[in-house]
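A.B. asks: I have a structure here, written as structure tokens, and I will follow up with some questions on it.
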Amino acid sequence: MRKSLAWSVLLVLCLAGSMAAVSATAAADVGEQIAEADRLFDRWSVPFNFEDYEVALRSAIDLWTSALTGLPEDHVQSRSHVLNRLSQAYFELATGYLTANHDKEAAYELGKDAALESLRLDPTFDETEASDGFRAALRSATDVEAIFWYGNTLGQWLNYHQLTAIMGGVKDVAASFERAYELDESYDGAGPHRALGSLIAQAHFVIGRDRSEAVYHFERCTELAPDHLEARVSYVSDYLIPTGDADLAASLLAEILELASDPDVMAVYPFYNRIALERATELTNGG
């Protein structure tokens with residue numbers, strides 16, 4: 001009896017040790033996957049090549065997705081990091097490389113869902129939603145990355161879901177960008193200003209804002225992040241051309257093209273500046 005009990009205890013200890021070893025190995029593998037995905041996502045450590053970046057982006061998405069399945073639920077900080085990265089990566093993949101509408105829609109949806117899952121890691125988000133509604137939860141969120149990329153991916157996804165946009169989706173986008181602006185106006189090259197400028201310029205009648213308010217956000221973005229060319233291009237395409245200010249539009253496009261001729265400027269935000277340059281060139285040529 002005692003011998004049998006001793007063997008049972010020894011077996012349990014051995015199994016526990018094996019399980020701990022497996023768990024440690026799995027944790028190490030997940031950490032390595034996240035680190036490798038972050039390395040692939042880094043567009044500054046090596047010379048940037050737009051075509052090569054698509055391959056790196058897709059590989060990073062696969063690695064983060066795989067790592068997410070191995071992350072324990074209570075590893076909130078790591079899960080938030082991975083989900084926020086996934087949201088941004090899906091946005092960039094759809095914006096920079098995908099061409100078919102159904103592929104772009106699917107990528108934006110995946111990015112939207114990842115950011116929302118990240119937001120829900122904070123228990124107060126669900127509590128606020130339950131008591132005051134979803135938009136109130138957005139306006140009280142504290143993770144600027146999650147809320148900014150939720151607004152971006154949701155906004156793009158709504159282009160394929162016009163009814164949802166009209167029924168309140170656009171106001172959710174506005175709530176996201178306004179909250180991101182409150183939390184950190186300089187995030188992602190003054191991204192909250194850039195995003196608000198475009199949203200107000202295009203959907204001022206939906207969100208109840210004066211269209212001219214967009215000008216402040218475009219100009220503030222340029223002030224905070226002068227090497228981020230996207231705000232200048234959006235100012236032209238979303239505000240100046242629709243309002244008929246052709247002279248200022250032409251002047252600003254010429255300024256963008258001059259800035260884009262400087263490799264040092266392009267290297268500050270290589271992915272987004274490449275896209276901005278393409279848009280500026282199309283607008284200059286009447287596109």
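Letters A, B, ... go to the chains of the structure tokens in the order shown; residues in each chain start at 1; ligands are counted from 1 in the same order.
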Which residues of region 128-156 of chain A come within 8 Å of region 85-93 of chain A, and what is each one's closest atom pair and distance in Å (one decimal), counting only C-alpha atoms, sorted by chain and residue number, as a Markdown table?
C.D. replies:
```
| residue | atom | partner | partner_atom | distance |
| --- | --- | --- | --- | --- |
| A:Ala146 | CA | A:Ser87 | CA | 8.0 |
| A:Trp149 | CA | A:Gln88 | CA | 6.1 |
| A:Tyr150 | CA | A:Ser87 | CA | 7.4 |
| A:Asn152 | CA | A:Phe91 | CA | 7.6 |
| A:Thr153 | CA | A:Phe91 | CA | 6.1 |
```
A.B. asks: Those selected residues, please, written with N, CA and C atoms and delivered as an mmCIF file, in the first residue's frame.
C.D. replies:
```cif
data_model
loop_
_atom_site.group_PDB
_atom_site.id
_atom_site.type_symbol
_atom_site.label_atom_id
_atom_site.label_comp_id
_atom_site.auth_asym_id
_atom_site.auth_seq_id
_atom_site.Cartn_x
_atom_site.Cartn_y
_atom_site.Cartn_z
ATOM 1 N N ALA A 146 -5.405 50.708 -29.378
ATOM 2 C CA ALA A 146 -6.585 49.916 -29.701
ATOM 3 C C ALA A 146 -7.700 50.789 -30.245
ATOM 4 N N TRP A 149 -6.790 52.303 -33.870
ATOM 5 C CA TRP A 149 -6.867 51.349 -34.977
ATOM 6 C C TRP A 149 -8.259 50.763 -35.122
ATOM 7 N N TYR A 150 -9.019 50.747 -34.049
ATOM 8 C CA TYR A 150 -10.427 50.367 -34.190
ATOM 9 C C TYR A 150 -11.147 51.386 -35.066
ATOM 10 N N ASN A 152 -9.855 53.385 -37.321
ATOM 11 C CA ASN A 152 -9.364 53.299 -38.695
ATOM 12 C C ASN A 152 -9.947 52.109 -39.448
ATOM 13 N N THR A 153 -9.879 50.944 -38.826
ATOM 14 C CA THR A 153 -10.363 49.747 -39.525
ATOM 15 C C THR A 153 -11.877 49.744 -39.644
#
```
A.B. asks: According to DSSP computed on the backbone, where in region 129-217 of chain A is there alpha helix (DSSP H)? Give the residues as a PyMOL selection string.
C.D. replies: chain A and resi 129-132+134-140+144-157+162-164+170-183+187-207+213-217
A.B. asks: Considering only C-alpha atoms, return as a ChimeraX atom specification whatever protein or nucleic-acid residues lie within 6 Å of region 28-35 of chain A, sequence-local ones (same chain, fewer than 4 positions apart) excluded.
C.D. replies: /A:63-64,67
A.B. asks: For the residues in that selection, give me N, CA and C atoms as a PDB file, in the first residue's frame.
C.D. replies:
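What ended up in part17.pdb:
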```pdb
ATOM      1  N   LEU A  63       2.405  35.032 -37.697  1.00  0.00           N
ATOM      2  CA  LEU A  63       3.094  34.773 -36.429  1.00  0.00           C
ATOM      3  C   LEU A  63       2.294  35.304 -35.246  1.00  0.00           C
ATOM      4  N   TRP A  64       1.775  36.530 -35.360  1.00  0.00           N
ATOM      5  CA  TRP A  64       0.975  37.079 -34.259  1.00  0.00           C
ATOM      6  C   TRP A  64      -0.292  36.261 -34.041  1.00  0.00           C
ATOM      7  N   ALA A  67       0.711  33.128 -32.271  1.00  0.00           N
ATOM      8  CA  ALA A  67       1.101  33.418 -30.886  1.00  0.00           C
ATOM      9  C   ALA A  67      -0.117  33.676 -30.013  1.00  0.00           C
TER      10      ALA A  67
END
```
A.B. asks: I need the residue nearest Glu182 (chain A) from this list: A:Tyr216, A:Phe148, A:Phe125, A:Tyr272. Use only C-alpha atoms for the distance.
C.D. replies: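 Smallest distance to Glu182 (chain A) is found for A:Phe148.
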A.B. asks: With distances taken over only C-alpha atoms, which residue among A:Leu183, A:Ala106, A:Ala136, A:Ala115 lies nearest Leu158 (chain A)?
C.D. replies: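 Going through A:Leu183, A:Ala106, A:Ala136, A:Ala115 one by one, the smallest distance to Leu158 (chain A) is for A:Ala106.
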A.B. asks: Have a look at CA of Glu255 (chain A) and CA of Arg43 (chain A) and let me know their distance in Å, one decimal.
C.D. replies: 24.8 Å
A.B. asks: Set the distance at 12 Å and use only C-alpha atoms: which residues neighbour Ala137 (chain A) once local chain neighbours fewer than 3 positions away are removed? I'd like the list as a list in words.
C.D. replies: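 Counting only C-alpha atoms, the residues come to Leu116, Leu119, Arg120, Asp122, Pro123, Thr124, Phe125, Asp126, Glu127, Thr128, Glu129, Ala130, Ser131, Asp132, Gly133, Phe134, Ser140, Ala141, Thr142, Asp143, Ile147, Asp172, Ala175, Ser176 and Arg179 of chain A.
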A.B. asks: Restricting the output to C-alpha atoms, write the selected residues as an mmCIF file, in the first residue's frame.
C.D. replies:
```cif
data_model
loop_
_atom_site.group_PDB
_atom_site.id
_atom_site.type_symbol
_atom_site.label_atom_id
_atom_site.label_comp_id
_atom_site.auth_asym_id
_atom_site.auth_seq_id
_atom_site.Cartn_x
_atom_site.Cartn_y
_atom_site.Cartn_z
ATOM 1 C CA LEU A 116 -12.246 45.548 -30.387
ATOM 2 C CA LEU A 119 -10.444 47.097 -26.033
ATOM 3 C CA ARG A 120 -12.499 44.426 -24.275
ATOM 4 C CA ASP A 122 -10.247 46.151 -20.008
ATOM 5 C CA PRO A 123 -13.243 44.962 -17.950
ATOM 6 C CA THR A 124 -14.473 48.521 -17.553
ATOM 7 C CA PHE A 125 -15.140 48.672 -21.299
ATOM 8 C CA ASP A 126 -17.857 46.021 -21.101
ATOM 9 C CA GLU A 127 -19.163 47.490 -17.855
ATOM 10 C CA THR A 128 -19.503 50.941 -19.426
ATOM 11 C CA GLU A 129 -21.107 49.477 -22.539
ATOM 12 C CA ALA A 130 -23.646 47.600 -20.416
ATOM 13 C CA SER A 131 -24.591 50.693 -18.423
ATOM 14 C CA ASP A 132 -24.189 53.543 -20.929
ATOM 15 C CA GLY A 133 -23.877 52.037 -24.396
ATOM 16 C CA PHE A 134 -21.124 51.125 -26.838
ATOM 17 C CA SER A 140 -13.975 56.138 -21.949
ATOM 18 C CA ALA A 141 -11.403 53.641 -23.292
ATOM 19 C CA THR A 142 -7.777 54.216 -22.286
ATOM 20 C CA ASP A 143 -5.701 52.220 -24.794
ATOM 21 C CA ILE A 147 -9.069 52.741 -30.043
ATOM 22 C CA ASP A 172 -18.594 55.255 -33.585
ATOM 23 C CA ALA A 175 -16.013 58.679 -31.010
ATOM 24 C CA SER A 176 -12.887 56.562 -31.513
ATOM 25 C CA ARG A 179 -11.019 59.723 -27.762
#
```
A.B. asks: For Gly96 (chain A), please output as a PyMOL selection string all residues within 9 Å (counting only C-alpha atoms; exclusion window: fewer than 6 positions along the same chain).
C.D. replies: chain A and resi 50+54+271-272+275
A.B. asks: As a list of chain:residue names, please: the residues near Glu223 (chain A) (cut-off 12 Å, only C-alpha atoms, same-chain neighbours under 2 positions excluded).
C.D. replies: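 Contacts, with the query itself left out: A:Glu185, A:Ser186, A:Gly189, A:Ala190, A:His193, A:Arg194, A:Tyr216, A:His217, A:Phe218, A:Glu219, A:Arg220, A:Cys221, A:Ala225, A:Pro226, A:Asp227, A:His228, A:Leu229, A:Ala231, A:Arg232.
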A.B. asks: Go ahead and save the residues from that selection, with N, CA and C atoms, as a compact mmCIF listing (two decimals), in the first residue's frame.
C.D. replies:
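Done, and the output landed in result-v2.txt:
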```txt
# COMPACT_ATOMS: atom_id res chain seq x y z
N GLU A 185 -2.62 63.22 -28.79
CA GLU A 185 -2.77 63.82 -30.12
C GLU A 185 -1.58 63.53 -31.04
N SER A 186 -0.44 63.17 -30.46
CA SER A 186 0.76 62.94 -31.27
C SER A 186 0.93 61.48 -31.70
N GLY A 189 2.33 59.72 -35.51
CA GLY A 189 2.51 60.87 -36.39
C GLY A 189 1.31 61.79 -36.39
N ALA A 190 0.78 62.07 -35.20
CA ALA A 190 -0.42 62.92 -35.04
C ALA A 190 -1.61 62.30 -35.76
N HIS A 193 -5.30 63.59 -35.27
CA HIS A 193 -5.63 64.80 -36.03
C HIS A 193 -5.85 64.47 -37.50
N ARG A 194 -4.98 63.65 -38.05
CA ARG A 194 -5.09 63.27 -39.46
C ARG A 194 -6.42 62.58 -39.73
N TYR A 216 -8.23 72.78 -39.13
CA TYR A 216 -7.41 72.82 -37.92
C TYR A 216 -6.67 71.49 -37.72
N HIS A 217 -7.38 70.38 -37.89
CA HIS A 217 -6.76 69.08 -37.64
C HIS A 217 -5.68 68.75 -38.67
N PHE A 218 -5.92 69.09 -39.94
CA PHE A 218 -4.88 68.85 -40.95
C PHE A 218 -3.64 69.70 -40.66
N GLU A 219 -3.86 70.95 -40.32
CA GLU A 219 -2.73 71.84 -40.06
C GLU A 219 -1.99 71.46 -38.77
N ARG A 220 -2.74 71.03 -37.76
CA ARG A 220 -2.11 70.61 -36.51
C ARG A 220 -1.29 69.34 -36.73
N CYS A 221 -1.79 68.45 -37.55
CA CYS A 221 -1.05 67.23 -37.85
C CYS A 221 0.28 67.56 -38.54
N ALA A 225 3.79 66.58 -36.97
CA ALA A 225 4.53 65.55 -37.70
C ALA A 225 4.77 66.03 -39.14
N PRO A 226 5.68 66.98 -39.31
CA PRO A 226 5.89 67.59 -40.64
C PRO A 226 6.38 66.61 -41.71
N ASP A 227 6.96 65.49 -41.29
CA ASP A 227 7.46 64.52 -42.26
C ASP A 227 6.43 63.44 -42.61
N HIS A 228 5.24 63.53 -42.03
CA HIS A 228 4.17 62.59 -42.38
C HIS A 228 3.33 63.27 -43.48
N LEU A 229 3.44 62.77 -44.70
CA LEU A 229 2.85 63.45 -45.84
C LEU A 229 1.36 63.18 -46.03
N ALA A 231 -1.28 63.64 -44.18
CA ALA A 231 -2.22 64.70 -43.80
C ALA A 231 -2.33 65.75 -44.89
N ARG A 232 -1.20 66.10 -45.50
CA ARG A 232 -1.22 67.10 -46.57
C ARG A 232 -2.04 66.59 -47.76
```
A.B. asks: So, with only C-alpha atoms as the atoms that count, which of A:Ala254, A:Leu98, A:Ala201, A:Leu277 lies closest to Leu240 (chain A)?
C.D. replies: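 Smallest distance to Leu240 (chain A) is found for A:Ala201.
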A.B. asks: Could you tell me how far CA of Asn285 (chain A) lies from CA of Trp157 (chain A), in Å and to one decimal?
C.D. replies: 28.3 Å
A.B. asks: Please provide as a ChimeraX atom specification all residues within 8 Å of Val206 (chain A), with the sequence filter that same-chain residues fewer than 2 positions apart are discarded (counting only C-alpha atoms).
C.D. replies: /A:166,170-171,203-204,208-209
A.B. asks: For the residues in the current selection, export N, CA and C atoms as an mmCIF file, in the first residue's frame.
C.D. replies:
```cif
data_model
loop_
_atom_site.group_PDB
_atom_site.id
_atom_site.type_symbol
_atom_site.label_atom_id
_atom_site.label_comp_id
_atom_site.auth_asym_id
_atom_site.auth_seq_id
_atom_site.Cartn_x
_atom_site.Cartn_y
_atom_site.Cartn_z
ATOM 1 N N ILE A 166 -24.608 54.491 -41.804
ATOM 2 C CA ILE A 166 -25.667 55.478 -41.598
ATOM 3 C C ILE A 166 -26.345 55.298 -40.249
ATOM 4 N N VAL A 170 -20.611 55.530 -38.396
ATOM 5 C CA VAL A 170 -19.733 56.692 -38.587
ATOM 6 C C VAL A 170 -19.551 57.439 -37.271
ATOM 7 N N LYS A 171 -20.589 57.497 -36.454
ATOM 8 C CA LYS A 171 -20.477 58.166 -35.158
ATOM 9 C C LYS A 171 -19.568 57.377 -34.211
ATOM 10 N N ALA A 203 -17.493 63.566 -43.706
ATOM 11 C CA ALA A 203 -18.759 63.156 -43.074
ATOM 12 C C ALA A 203 -19.242 64.167 -42.043
ATOM 13 N N HIS A 204 -18.942 65.445 -42.248
ATOM 14 C CA HIS A 204 -19.326 66.482 -41.289
ATOM 15 C C HIS A 204 -20.829 66.517 -41.067
ATOM 16 N N GLY A 208 -22.312 65.867 -37.325
ATOM 17 C CA GLY A 208 -22.713 67.144 -36.758
ATOM 18 C C GLY A 208 -21.575 68.096 -36.482
ATOM 19 N N ARG A 209 -20.594 68.152 -37.377
ATOM 20 C CA ARG A 209 -19.462 69.070 -37.222
ATOM 21 C C ARG A 209 -19.419 70.031 -38.409
#
```
